>>> print(open('structure37.pdb').read())   # PDB, C-alpha atoms and all ligand atoms
ATOM      1  CA  MET A 177      23.513  -2.514  -4.043  1.00  0.00           C
ATOM      2  CA  HIS A 178      20.600  -0.673  -5.673  1.00  0.00           C
ATOM      3  CA  GLU A 179      22.468   2.619  -5.864  1.00  0.00           C
ATOM      4  CA  VAL A 180      23.522   2.355  -9.474  1.00  0.00           C
ATOM      5  CA  PRO A 181      20.168   1.430 -11.074  1.00  0.00           C
ATOM      6  CA  ARG A 182      18.406   4.156  -9.115  1.00  0.00           C
ATOM      7  CA  GLN A 183      20.781   6.793 -10.388  1.00  0.00           C
ATOM      8  CA  ARG A 184      20.349   5.618 -13.941  1.00  0.00           C
ATOM      9  CA  GLU A 185      16.586   5.805 -13.572  1.00  0.00           C
ATOM     10  CA  TYR A 186      16.895   9.371 -12.357  1.00  0.00           C
ATOM     11  CA  THR A 187      18.893  10.419 -15.387  1.00  0.00           C
ATOM     12  CA  PHE A 188      16.328   8.737 -17.585  1.00  0.00           C
ATOM     13  CA  ARG A 189      13.524  10.623 -15.880  1.00  0.00           C
ATOM     14  CA  VAL A 190      15.095  13.966 -16.699  1.00  0.00           C
ATOM     15  CA  SER A 191      15.361  13.438 -20.427  1.00  0.00           C
ATOM     16  CA  HIS A 192      12.331  11.277 -21.214  1.00  0.00           C
ATOM     17  CA  ILE A 193       8.866  10.483 -20.053  1.00  0.00           C
ATOM     18  CA  VAL A 194       9.045   7.569 -17.647  1.00  0.00           C
ATOM     19  CA  LYS A 195       6.197   5.169 -18.231  1.00  0.00           C
ATOM     20  CA  THR A 196       4.596   4.007 -15.011  1.00  0.00           C
ATOM     21  CA  PRO A 197       1.396   2.037 -14.440  1.00  0.00           C
ATOM     22  CA  TYR A 198      -0.327   5.431 -14.209  1.00  0.00           C
ATOM     23  CA  THR A 199       0.810   6.600 -17.645  1.00  0.00           C
ATOM     24  CA  VAL A 200      -1.843   6.713 -20.338  1.00  0.00           C
ATOM     25  CA  PRO A 201      -1.032   7.267 -24.025  1.00  0.00           C
ATOM     26  CA  VAL A 202      -3.143   9.955 -25.658  1.00  0.00           C
ATOM     27  CA  PHE A 203      -1.501  10.325 -29.083  1.00  0.00           C
ATOM     28  CA  ASP A 204      -4.785   9.525 -30.834  1.00  0.00           C
ATOM     29  CA  LEU A 205      -6.559  12.338 -28.979  1.00  0.00           C
ATOM     30  CA  LEU A 206      -4.048  15.158 -29.364  1.00  0.00           C
ATOM     31  CA  HIS A 207      -5.544  18.288 -30.922  1.00  0.00           C
ATOM     32  CA  ARG A 208      -8.644  16.460 -32.100  1.00  0.00           C
ATOM     33  CA  PRO A 209     -11.400  18.210 -30.198  1.00  0.00           C
ATOM     34  CA  GLY A 210     -14.502  16.102 -29.861  1.00  0.00           C
ATOM     35  CA  GLU A 211     -12.627  12.788 -29.840  1.00  0.00           C
ATOM     36  CA  MET A 212     -13.227  10.606 -26.839  1.00  0.00           C
ATOM     37  CA  ARG A 213     -11.615   7.427 -25.488  1.00  0.00           C
ATOM     38  CA  GLU A 214     -12.322   5.145 -22.577  1.00  0.00           C
ATOM     39  CA  ARG A 215      -9.764   2.940 -20.908  1.00  0.00           C
ATOM     40  CA  GLU A 216      -9.528   0.693 -17.897  1.00  0.00           C
ATOM     41  CA  LEU A 217      -6.349   0.536 -15.891  1.00  0.00           C
ATOM     42  CA  ASP A 218      -5.499  -2.131 -13.332  1.00  0.00           C
ATOM     43  CA  ILE A 219      -2.653  -0.603 -11.418  1.00  0.00           C
ATOM     44  CA  VAL A 220      -0.400  -2.563  -9.107  1.00  0.00           C
ATOM     45  CA  VAL A 221       0.719   0.295  -6.905  1.00  0.00           C
ATOM     46  CA  PRO A 222       4.502   0.607  -7.241  1.00  0.00           C
ATOM     47  CA  GLU A 223       4.851   2.771  -4.147  1.00  0.00           C
ATOM     48  CA  GLY A 224       2.310   2.777  -1.333  1.00  0.00           C
ATOM     49  CA  PHE A 225       0.719   6.039  -0.206  1.00  0.00           C
ATOM     50  CA  GLY A 226      -1.787   7.310   2.317  1.00  0.00           C
ATOM     51  CA  ASN A 227      -1.763   8.980   5.701  1.00  0.00           C
ATOM     52  CA  ALA A 228      -0.185   7.906   8.992  1.00  0.00           C
ATOM     53  CA  VAL A 229      -2.952   5.447   9.879  1.00  0.00           C
ATOM     54  CA  ILE A 230      -4.250   4.053   6.576  1.00  0.00           C
ATOM     55  CA  GLN A 231      -2.634   3.474   3.189  1.00  0.00           C
ATOM     56  CA  VAL A 232      -2.898   1.953  -0.215  1.00  0.00           C
ATOM     57  CA  PRO A 233       0.002  -0.457   0.276  1.00  0.00           C
ATOM     58  CA  THR A 234       2.837  -1.074  -2.129  1.00  0.00           C
ATOM     59  CA  GLY A 235       1.641  -3.914  -4.339  1.00  0.00           C
ATOM     60  CA  GLY A 236      -2.001  -3.050  -3.661  1.00  0.00           C
ATOM     61  CA  GLU A 237      -4.348  -2.751  -6.621  1.00  0.00           C
ATOM     62  CA  LEU A 238      -6.296   0.177  -7.956  1.00  0.00           C
ATOM     63  CA  HIS A 239      -8.826  -0.105 -10.718  1.00  0.00           C
ATOM     64  CA  VAL A 240      -9.276   3.069 -12.738  1.00  0.00           C
ATOM     65  CA  ASP A 241     -12.032   3.617 -15.298  1.00  0.00           C
ATOM     66  CA  VAL A 242     -10.814   6.529 -17.388  1.00  0.00           C
ATOM     67  CA  ARG A 243     -12.727   8.640 -19.878  1.00  0.00           C
ATOM     68  CA  MET A 244     -10.663  11.116 -21.895  1.00  0.00           C
ATOM     69  CA  GLU A 245     -12.135  13.881 -24.004  1.00  0.00           C
ATOM     70  CA  SER A 246     -10.069  15.954 -26.366  1.00  0.00           C
ATOM     71  CA  LEU A 247     -10.731  19.682 -25.945  1.00  0.00           C
ATOM     72  CA  HIS A 248      -9.126  22.710 -27.616  1.00  0.00           C
ATOM     73  CA  ASP A 249      -6.759  23.408 -24.752  1.00  0.00           C
ATOM     74  CA  GLY A 250      -6.054  19.914 -23.525  1.00  0.00           C
ATOM     75  CA  ILE A 251      -7.550  16.602 -22.537  1.00  0.00           C
ATOM     76  CA  LEU A 252     -10.297  16.388 -19.978  1.00  0.00           C
ATOM     77  CA  VAL A 253      -9.934  13.287 -17.846  1.00  0.00           C
ATOM     78  CA  SER A 254     -12.782  11.834 -15.823  1.00  0.00           C
ATOM     79  CA  ALA A 255     -12.037   8.734 -13.808  1.00  0.00           C
ATOM     80  CA  ASP A 256     -13.506   6.422 -11.191  1.00  0.00           C
ATOM     81  CA  VAL A 257     -10.898   4.929  -8.900  1.00  0.00           C
ATOM     82  CA  THR A 258     -11.640   1.883  -6.773  1.00  0.00           C
ATOM     83  CA  GLY A 259      -9.454  -0.223  -4.531  1.00  0.00           C
ATOM     84  CA  THR A 260      -8.774  -1.135  -0.941  1.00  0.00           C
ATOM     85  CA  ALA A 261      -6.965   0.817   1.744  1.00  0.00           C
ATOM     86  CA  VAL A 262      -5.325  -1.011   4.630  1.00  0.00           C
ATOM     87  CA  GLY A 263      -4.752   0.451   8.056  1.00  0.00           C
ATOM     88  CA  GLU A 264      -5.296   0.070  11.744  1.00  0.00           C
ATOM     89  CA  CYS A 265      -8.370   0.731  13.857  1.00  0.00           C
ATOM     90  CA  VAL A 266      -7.381   3.755  15.948  1.00  0.00           C
ATOM     91  CA  ARG A 267      -9.263   2.327  18.932  1.00  0.00           C
ATOM     92  CA  CYS A 268      -8.407  -1.385  19.053  1.00  0.00           C
ATOM     93  CA  LEU A 269      -5.453  -1.533  16.612  1.00  0.00           C
ATOM     94  CA  ILE A 270      -6.670  -4.489  14.530  1.00  0.00           C
ATOM     95  CA  GLU A 271      -6.243  -4.356  10.764  1.00  0.00           C
ATOM     96  CA  VAL A 272      -8.882  -2.392   8.905  1.00  0.00           C
ATOM     97  CA  ARG A 273      -9.568  -2.727   5.165  1.00  0.00           C
ATOM     98  CA  LEU A 274     -11.678   0.009   3.670  1.00  0.00           C
ATOM     99  CA  PRO A 275     -13.055   0.265   0.145  1.00  0.00           C
ATOM    100  CA  ILE A 276     -11.814   3.211  -1.867  1.00  0.00           C
ATOM    101  CA  GLU A 277     -14.134   4.850  -4.333  1.00  0.00           C
ATOM    102  CA  VAL A 278     -13.296   8.285  -5.694  1.00  0.00           C
ATOM    103  CA  ASP A 279     -14.194  10.267  -8.774  1.00  0.00           C
ATOM    104  CA  ILE A 280     -11.717  12.512 -10.494  1.00  0.00           C
ATOM    105  CA  GLN A 281     -12.070  15.183 -13.119  1.00  0.00           C
ATOM    106  CA  GLU A 282      -9.042  17.151 -14.286  1.00  0.00           C
ATOM    107  CA  LEU A 283      -7.861  18.964 -17.381  1.00  0.00           C
ATOM    108  CA  PHE A 284      -4.455  17.976 -18.708  1.00  0.00           C
ATOM    109  CA  ALA A 285      -3.403  21.059 -20.654  1.00  0.00           C
ATOM    110  CA  TYR A 286      -1.248  21.292 -23.758  1.00  0.00           C
ATOM    111  CA  SER A 287       0.176  24.538 -22.428  1.00  0.00           C
ATOM    112  CA  GLU A 288       3.254  24.447 -20.217  1.00  0.00           C
ATOM    113  CA  ASP A 289       1.794  27.429 -18.371  1.00  0.00           C
ATOM    114  CA  GLU A 290       1.912  27.006 -14.617  1.00  0.00           C
ATOM    115  CA  ALA A 291      -1.700  28.143 -14.462  1.00  0.00           C
ATOM    116  CA  PHE A 292      -2.543  24.510 -15.213  1.00  0.00           C
ATOM    117  CA  ASP A 293      -1.919  21.912 -12.544  1.00  0.00           C
ATOM    118  CA  TYR A 294      -1.489  19.055 -15.013  1.00  0.00           C
ATOM    119  CA  GLN A 295      -0.048  18.873 -18.485  1.00  0.00           C
ATOM    120  CA  VAL A 296       0.087  16.518 -21.417  1.00  0.00           C
ATOM    121  CA  HIS A 297       3.712  15.375 -21.719  1.00  0.00           C
ATOM    122  CA  GLU A 298       4.682  14.486 -25.250  1.00  0.00           C
ATOM    123  CA  ASP A 299       1.840  12.107 -26.112  1.00  0.00           C
ATOM    124  CA  THR A 300       1.032  10.834 -22.613  1.00  0.00           C
ATOM    125  CA  ILE A 301      -0.681  11.893 -19.445  1.00  0.00           C
ATOM    126  CA  ASP A 302       0.432  10.815 -15.989  1.00  0.00           C
ATOM    127  CA  LEU A 303      -2.508  10.034 -13.736  1.00  0.00           C
ATOM    128  CA  GLU A 304      -0.361   9.321 -10.681  1.00  0.00           C
ATOM    129  CA  PRO A 305      -0.517  12.694  -8.873  1.00  0.00           C
ATOM    130  CA  VAL A 306      -4.216  13.064  -9.628  1.00  0.00           C
ATOM    131  CA  VAL A 307      -5.096   9.577  -8.423  1.00  0.00           C
ATOM    132  CA  ARG A 308      -2.884   9.799  -5.354  1.00  0.00           C
ATOM    133  CA  ASP A 309      -4.213  13.188  -4.270  1.00  0.00           C
ATOM    134  CA  ALA A 310      -7.840  12.170  -4.688  1.00  0.00           C
ATOM    135  CA  VAL A 311      -7.387   8.861  -2.877  1.00  0.00           C
ATOM    136  CA  VAL A 312      -5.398  10.386  -0.005  1.00  0.00           C
ATOM    137  CA  LEU A 313      -8.086  13.049   0.445  1.00  0.00           C
ATOM    138  CA  SER A 314     -10.734  10.348   0.677  1.00  0.00           C
ATOM    139  CA  LEU A 315      -8.975   8.374   3.418  1.00  0.00           C
ATOM    140  CA  PRO A 316     -10.194   8.758   7.004  1.00  0.00           C
ATOM    141  CA  PHE A 317      -7.851  10.121   9.660  1.00  0.00           C
ATOM    142  CA  GLN A 318      -9.523   7.990  12.328  1.00  0.00           C
ATOM    143  CA  PRO A 319     -10.314   4.633  10.728  1.00  0.00           C
ATOM    144  CA  VAL A 320     -12.269   2.241  12.947  1.00  0.00           C
ATOM    145  CA  CYS A 321     -12.969  -1.484  12.540  1.00  0.00           C
ATOM    146  CA  GLN A 322     -16.646  -0.778  13.188  1.00  0.00           C
ATOM    147  CA  GLU A 323     -18.498   2.315  14.346  1.00  0.00           C
ATOM    148  CA  ASP A 324     -19.176   0.961  17.837  1.00  0.00           C
ATOM    149  CA  CYS A 325     -15.654  -0.305  18.478  1.00  0.00           C
ATOM    150  CA  SER A 326     -14.994   0.352  22.148  1.00  0.00           C
ATOM    151  CA  GLY A 327     -11.245  -0.096  21.892  1.00  0.00           C
ATOM    152  CA  LEU A 328      -8.991  -1.854  24.336  1.00  0.00           C
ATOM    153  CA  CYS A 329      -9.411  -2.417  28.072  1.00  0.00           C
ATOM    154  CA  PRO A 330      -7.356   0.351  29.704  1.00  0.00           C
ATOM    155  CA  GLN A 331      -6.315  -2.063  32.466  1.00  0.00           C
ATOM    156  CA  CYS A 332      -5.272  -5.222  30.660  1.00  0.00           C
ATOM    157  CA  GLY A 333      -5.356  -4.291  26.964  1.00  0.00           C
ATOM    158  CA  VAL A 334      -7.776  -6.955  25.670  1.00  0.00           C
ATOM    159  CA  ARG A 335      -9.982  -5.951  22.737  1.00  0.00           C
ATOM    160  CA  LEU A 336     -13.366  -5.244  24.260  1.00  0.00           C
ATOM    161  CA  LEU A 337     -15.355  -6.308  21.165  1.00  0.00           C
ATOM    162  CA  ASP A 338     -13.839  -9.795  21.535  1.00  0.00           C
ATOM    163  CA  ASN A 339     -14.618  -9.888  25.247  1.00  0.00           C
ATOM    164  CA  PRO A 340     -18.186  -8.748  25.797  1.00  0.00           C
ATOM    165  CA  GLY A 341     -18.961  -8.161  29.462  1.00  0.00           C
ATOM    166  CA  HIS A 342     -15.264  -7.838  30.230  1.00  0.00           C
ATOM    167  CA  GLU A 343     -14.606  -6.126  33.553  1.00  0.00           C
ATOM    168  CA  HIS A 344     -12.195  -6.085  36.434  1.00  0.00           C
ATOM    169  CA  GLU A 345     -12.706  -6.142  40.186  1.00  0.00           C
ATOM    170  CA  ALA A 346     -12.047  -2.863  41.934  1.00  0.00           C
ATOM    171  CA  PRO A 347      -8.400  -1.940  41.342  1.00  0.00           C
ATOM    172  CA  VAL A 348      -5.972  -2.990  44.024  1.00  0.00           C
ATOM    173  CA  ASP A 349      -4.707  -0.092  46.118  1.00  0.00           C
ATOM    174  CA  PRO A 350      -1.030   0.220  45.112  1.00  0.00           C
ATOM    175  CA  ARG A 351      -0.020   0.509  48.785  1.00  0.00           C
ATOM    176  CA  TRP A 352      -1.568  -2.894  49.564  1.00  0.00           C
ATOM    177  CA  ALA A 353       0.081  -4.328  46.476  1.00  0.00           C
ATOM    178  CA  ALA A 354       3.475  -3.115  47.754  1.00  0.00           C
ATOM    179  CA  LEU A 355       2.864  -4.724  51.146  1.00  0.00           C
ATOM    180  CA  ALA A 356       1.814  -7.958  49.499  1.00  0.00           C
ATOM    181  CA  GLY A 357       5.080  -7.911  47.563  1.00  0.00           C
ATOM    182  CA  LEU A 358       7.041  -7.598  50.819  1.00  0.00           C
ATOM    183  CA  GLU A 359       5.160 -10.522  52.309  1.00  0.00           C
ATOM    184  CA  GLY A 360       6.040 -12.554  49.269  1.00  0.00           C
ATOM    185  CA  LEU A 361       9.730 -11.779  49.890  1.00  0.00           C
ATOM    186  CA  THR A 362       9.521 -12.940  53.524  1.00  0.00           C
ATOM    187  CA  GLY A 363       8.023 -16.219  52.441  1.00  0.00           C
ATOM    188  CA  ALA A 364       4.374 -15.719  53.406  1.00  0.00           C
ATOM    189  CA  PRO A 365       2.422 -18.741  52.148  1.00  0.00           C
ATOM    190  CA  THR A 366       0.257 -18.215  49.080  1.00  0.00           C
ATOM    191  CA  ASN A 367      -1.528 -20.555  46.728  1.00  0.00           C
ATOM    192  CA  ASP A 368      -2.088 -17.914  44.071  1.00  0.00           C
ATOM    193  CA  VAL A 369      -0.154 -17.919  40.846  1.00  0.00           C
ATOM    194  CA  ASP A 370       1.730 -14.989  39.375  1.00  0.00           C
ATOM    195  CA  GLY A 371      -0.459 -11.955  38.641  1.00  0.00           C
ATOM    196  CA  ALA A 372      -3.228 -13.103  40.957  1.00  0.00           C
ATOM    197  CA  GLU A 373      -0.812 -13.206  43.860  1.00  0.00           C
ATOM    198  CA  SER A 374      -0.828  -9.545  44.837  1.00  0.00           C
ATOM    199  CA  SER A 375      -4.585  -9.097  44.636  1.00  0.00           C
ATOM    200  CA  GLY A 376      -5.131 -12.318  46.596  1.00  0.00           C
ATOM    201  CA  ALA A 377      -2.748 -11.218  49.305  1.00  0.00           C
ATOM    202  CA  ALA A 378      -4.343  -7.793  49.453  1.00  0.00           C
ATOM    203  CA  GLU A 379      -7.707  -9.453  49.818  1.00  0.00           C
ATOM    204  CA  GLU A 380      -6.555 -11.220  52.989  1.00  0.00           C
ATOM    205  CA  LYS A 381      -5.414  -7.932  54.506  1.00  0.00           C
ATOM    206  CA  ARG A 382      -8.877  -6.382  54.317  1.00  0.00           C
TER     207      ARG A 382
HETATM  208 ZN    ZN B   1     -11.597  -1.384  16.536  1.00  0.00          ZN
HETATM  209 ZN    ZN B   2      -9.185  -5.785  31.099  1.00  0.00          ZN
END
>>> encode(input="structure37.pdb", output="structure tokens")
Amino acid sequence: MHEVPRQREYTFRVSHIVKTPYTVPVFDLLHRPGEMRERELDIVVPEGFGNAVIQVPTGGELHVDVRMESLHDGILVSADVTGTAVGECVRCLIEVRLPIEVDIQELFAYSEDEAFDYQVHEDTIDLEPVVRDAVVLSLPFQPVCQEDCSGLCPQCGVRLLDNPGHEHEAPVDPRWAALAGLEGLTGAPTNDVDGAESSGAAEEKR
């Protein structure tokens, strides 16, 4: 259903500069060394990005304070990027929201020479790759909900921070548990319910 518009957009991209929320016009700075402009961008992220465990989600917001200085060979961009990254605590798996705060400084060159990573295109610059790279680099690979998160109980999976003092009785010997199961099949009487049944039965055996 979306095949046709996407293809059209691609064709458009080849022949023109596509304006995105990251595109900044610089026509009033071109080849005017010494000129300086400041802008603020509030970007609603069109396509989420990040690493496997934490991302700036699609529809998330980035605030970018941009300062652009016209130099002889291009436009020097300095920017502060702030926003919120959303991910999962690698220990207990609850949602984690982390503030993003990164500084960027890059030259957007007039030259098409590949020696420059970024170029001025017509009369615009595209901050997207610069912002994305800097933000992705700043994201943790092991986000945690708090530094002392002790994760999940390896036996039952409850979040230990929510259950202080959580512990289990000594684990049931699997051989006893199997016997208890057999007794259950032969109709041995038990007042225990469900999960407690096997440990209760094992208890009687001791
Ligand atoms: Zn956690
Ligand atoms: Zn547990």
>>> residues_near_ligand(input="structure37.pdb", ligand="ligand ZN 2 (chain B)", cutoff="9 Å", atoms="only C-alpha atoms and all ligand atoms", output="mmCIF file with C-alpha atoms, in the frame of the given file")
data_model
loop_
_atom_site.group_PDB
_atom_site.id
_atom_site.type_symbol
_atom_site.label_atom_id
_atom_site.label_comp_id
_atom_site.auth_asym_id
_atom_site.auth_seq_id
_atom_site.Cartn_x
_atom_site.Cartn_y
_atom_site.Cartn_z
ATOM 1 C CA LEU A 328 -8.991 -1.854 24.336
ATOM 2 C CA CYS A 329 -9.411 -2.417 28.072
ATOM 3 C CA PRO A 330 -7.356 0.351 29.704
ATOM 4 C CA GLN A 331 -6.315 -2.063 32.466
ATOM 5 C CA CYS A 332 -5.272 -5.222 30.660
ATOM 6 C CA GLY A 333 -5.356 -4.291 26.964
ATOM 7 C CA VAL A 334 -7.776 -6.955 25.670
ATOM 8 C CA ARG A 335 -9.982 -5.951 22.737
ATOM 9 C CA LEU A 336 -13.366 -5.244 24.260
ATOM 10 C CA ASN A 339 -14.618 -9.888 25.247
ATOM 11 C CA HIS A 342 -15.264 -7.838 30.230
ATOM 12 C CA GLU A 343 -14.606 -6.126 33.553
ATOM 13 C CA HIS A 344 -12.195 -6.085 36.434
#
>>> closest_residue(input="structure37.pdb", among="A:Asp249, A:Glu271, A:Asp302, A:Glu216", to="ligand ZN 1 (chain B)", atoms="all atoms listed in the file")
A:Glu271
>>> residues_near_ligand(input="structure37.pdb", ligand="ligand ZN 1 (chain B)", cutoff="9 Å", atoms="all atoms listed in the file", output="number ranges by chain")
A: 264-272, 319-328, 335-337
>>> resolve_selection(input="structure37.pdb", expression="the PyMOL selection byres (((chain A and resi 277) around 6) and not hetatm)", output="PyMOL selection string")
chain A and resi 257-258+276+278
>>> resolve_selection(input="structure37.pdb", expression="the PyMOL selection byres (((chain A and resi 211) around 10) and not hetatm)", output="list in words")
Asp204, Leu205, Leu206, His207, Arg208, Pro209, Gly210, Met212, Arg213, Met244, Glu245, Ser246, Leu247 and Ile251 of chain A
>>> closest_residue(input="structure37.pdb", among="A:Val307, A:Val296, A:Pro222, A:Val232", to="Gly250 of chain A", atoms="all atoms listed in the file")
A:Val296
>>> closest_residue(input="structure37.pdb", among="A:Asp293, A:Glu282, A:Glu223, A:Glu345", to="Glu237 of chain A", atoms="only C-alpha atoms")
A:Glu223
>>> closest_residue(input="structure37.pdb", among="A:Ala285, A:Ile301, A:Ala261, A:Val240", to="Phe203 of chain A", atoms="only C-alpha atoms")
A:Ile301
>>> closest_residue(input="structure37.pdb", among="A:Ala346, A:Val242, A:Ala255, A:Ala310", to="Val202 of chain A", atoms="all atoms listed in the file")
A:Val242
>>> resolve_selection(input="structure37.pdb", expression="the PyMOL selection byres (((chain A and resi 297) around 10) and not hetatm)", output="PyMOL selection string")
chain A and resi 192-193+201-202+284-288+294-296+298-302
>>> closest_residue(input="structure37.pdb", among="A:Asp289, A:Asp338, A:Asp256, A:Asp241", to="Val311 of chain A", atoms="only C-alpha atoms")
A:Asp256
>>> atom_distance(input="structure37.pdb", atom1="atom CA of Val200 of chain A", atom2="atom CA of Ser254 of chain A")
12.9 Å
>>> atom_distance(input="structure37.pdb", atom1="atom CA of Glu214 of chain A", atom2="atom CA of Tyr198 of chain A")
14.6 Å
>>> atom_distance(input="structure37.pdb", atom1="atom CA of Arg215 of chain A", atom2="atom CA of Val306 of chain A")
16.1 Å
>>> residues_around(input="structure37.pdb", residues="Phe317 of chain A", least_positions_apart="3", cutoff="9 Å", atoms="all atoms listed in the file", output="PyMOL selection string")
chain A and resi 227-230+266
>>> write_last_selection(input="structure37.pdb", atoms="C-alpha atoms", output="compact mmCIF listing (two decimals), in the coordinates of the input")
# COMPACT_ATOMS: atom_id res chain seq x y z
CA ASN A 227 -1.76 8.98 5.70
CA ALA A 228 -0.18 7.91 8.99
CA VAL A 229 -2.95 5.45 9.88
CA ILE A 230 -4.25 4.05 6.58
CA VAL A 266 -7.38 3.76 15.95
>>> residues_around(input="structure37.pdb", residues="Arg308 of chain A", least_positions_apart="4", cutoff="9 Å", atoms="all atoms listed in the file", output="PyMOL selection string")
chain A and resi 225-226+303-304+312-313
>>> build_atoms(input="structure37.pdb", residues="segment 323-344 of chain A", atoms="N, CA and C atoms", output="CSV table (one decimal), in the frame of the given file")
chain,number,residue,atom,x,y,z
A,323,GLU,N,-18.2,1.0,13.7
A,323,GLU,CA,-18.5,2.3,14.3
A,323,GLU,C,-18.6,2.2,15.9
A,324,ASP,N,-19.0,1.1,16.4
A,324,ASP,CA,-19.2,1.0,17.8
A,324,ASP,C,-18.0,0.3,18.5
A,325,CYS,N,-16.8,0.3,17.8
A,325,CYS,CA,-15.7,-0.3,18.5
A,325,CYS,C,-15.4,0.4,19.8
A,326,SER,N,-15.2,-0.3,20.9
A,326,SER,CA,-15.0,0.4,22.1
A,326,SER,C,-13.5,0.2,22.6
A,327,GLY,N,-12.7,-0.2,21.6
A,327,GLY,CA,-11.2,-0.1,21.9
A,327,GLY,C,-10.7,-1.2,22.8
A,328,LEU,N,-9.7,-0.9,23.5
A,328,LEU,CA,-9.0,-1.9,24.3
A,328,LEU,C,-9.3,-1.6,25.8
A,329,CYS,N,-9.3,-2.6,26.6
A,329,CYS,CA,-9.4,-2.4,28.1
A,329,CYS,C,-8.2,-1.6,28.6
A,330,PRO,N,-8.5,-0.5,29.2
A,330,PRO,CA,-7.4,0.4,29.7
A,330,PRO,C,-6.5,-0.3,30.8
A,331,GLN,N,-7.1,-1.4,31.4
A,331,GLN,CA,-6.3,-2.1,32.5
A,331,GLN,C,-5.5,-3.2,32.0
A,332,CYS,N,-6.0,-4.0,31.1
A,332,CYS,CA,-5.3,-5.2,30.7
A,332,CYS,C,-5.0,-5.3,29.1
A,333,GLY,N,-5.7,-4.4,28.4
A,333,GLY,CA,-5.4,-4.3,27.0
A,333,GLY,C,-6.1,-5.3,26.1
A,334,VAL,N,-7.0,-6.1,26.6
A,334,VAL,CA,-7.8,-7.0,25.7
A,334,VAL,C,-8.7,-6.1,24.8
A,335,ARG,N,-9.1,-6.7,23.6
A,335,ARG,CA,-10.0,-6.0,22.7
A,335,ARG,C,-11.4,-6.2,23.3
A,336,LEU,N,-12.1,-5.1,23.6
A,336,LEU,CA,-13.4,-5.2,24.3
A,336,LEU,C,-14.4,-5.9,23.4
A,337,LEU,N,-14.4,-5.7,22.0
A,337,LEU,CA,-15.4,-6.3,21.2
A,337,LEU,C,-15.2,-7.8,21.2
A,338,ASP,N,-14.0,-8.3,21.5
A,338,ASP,CA,-13.8,-9.8,21.5
A,338,ASP,C,-14.2,-10.3,22.9
A,339,ASN,N,-14.4,-9.5,23.9
A,339,ASN,CA,-14.6,-9.9,25.2
A,339,ASN,C,-15.8,-9.2,25.8
A,340,PRO,N,-17.0,-9.5,25.3
A,340,PRO,CA,-18.2,-8.7,25.8
A,340,PRO,C,-18.4,-9.0,27.3
A,341,GLY,N,-18.7,-8.0,28.0
A,341,GLY,CA,-19.0,-8.2,29.5
A,341,GLY,C,-17.7,-8.2,30.3
A,342,HIS,N,-16.6,-7.8,29.6
A,342,HIS,CA,-15.3,-7.8,30.2
A,342,HIS,C,-15.2,-6.8,31.3
A,343,GLU,N,-14.8,-7.1,32.5
A,343,GLU,CA,-14.6,-6.1,33.6
A,343,GLU,C,-13.6,-6.6,34.6
A,344,HIS,N,-13.2,-5.7,35.4
A,344,HIS,CA,-12.2,-6.1,36.4
A,344,HIS,C,-12.8,-5.8,37.8
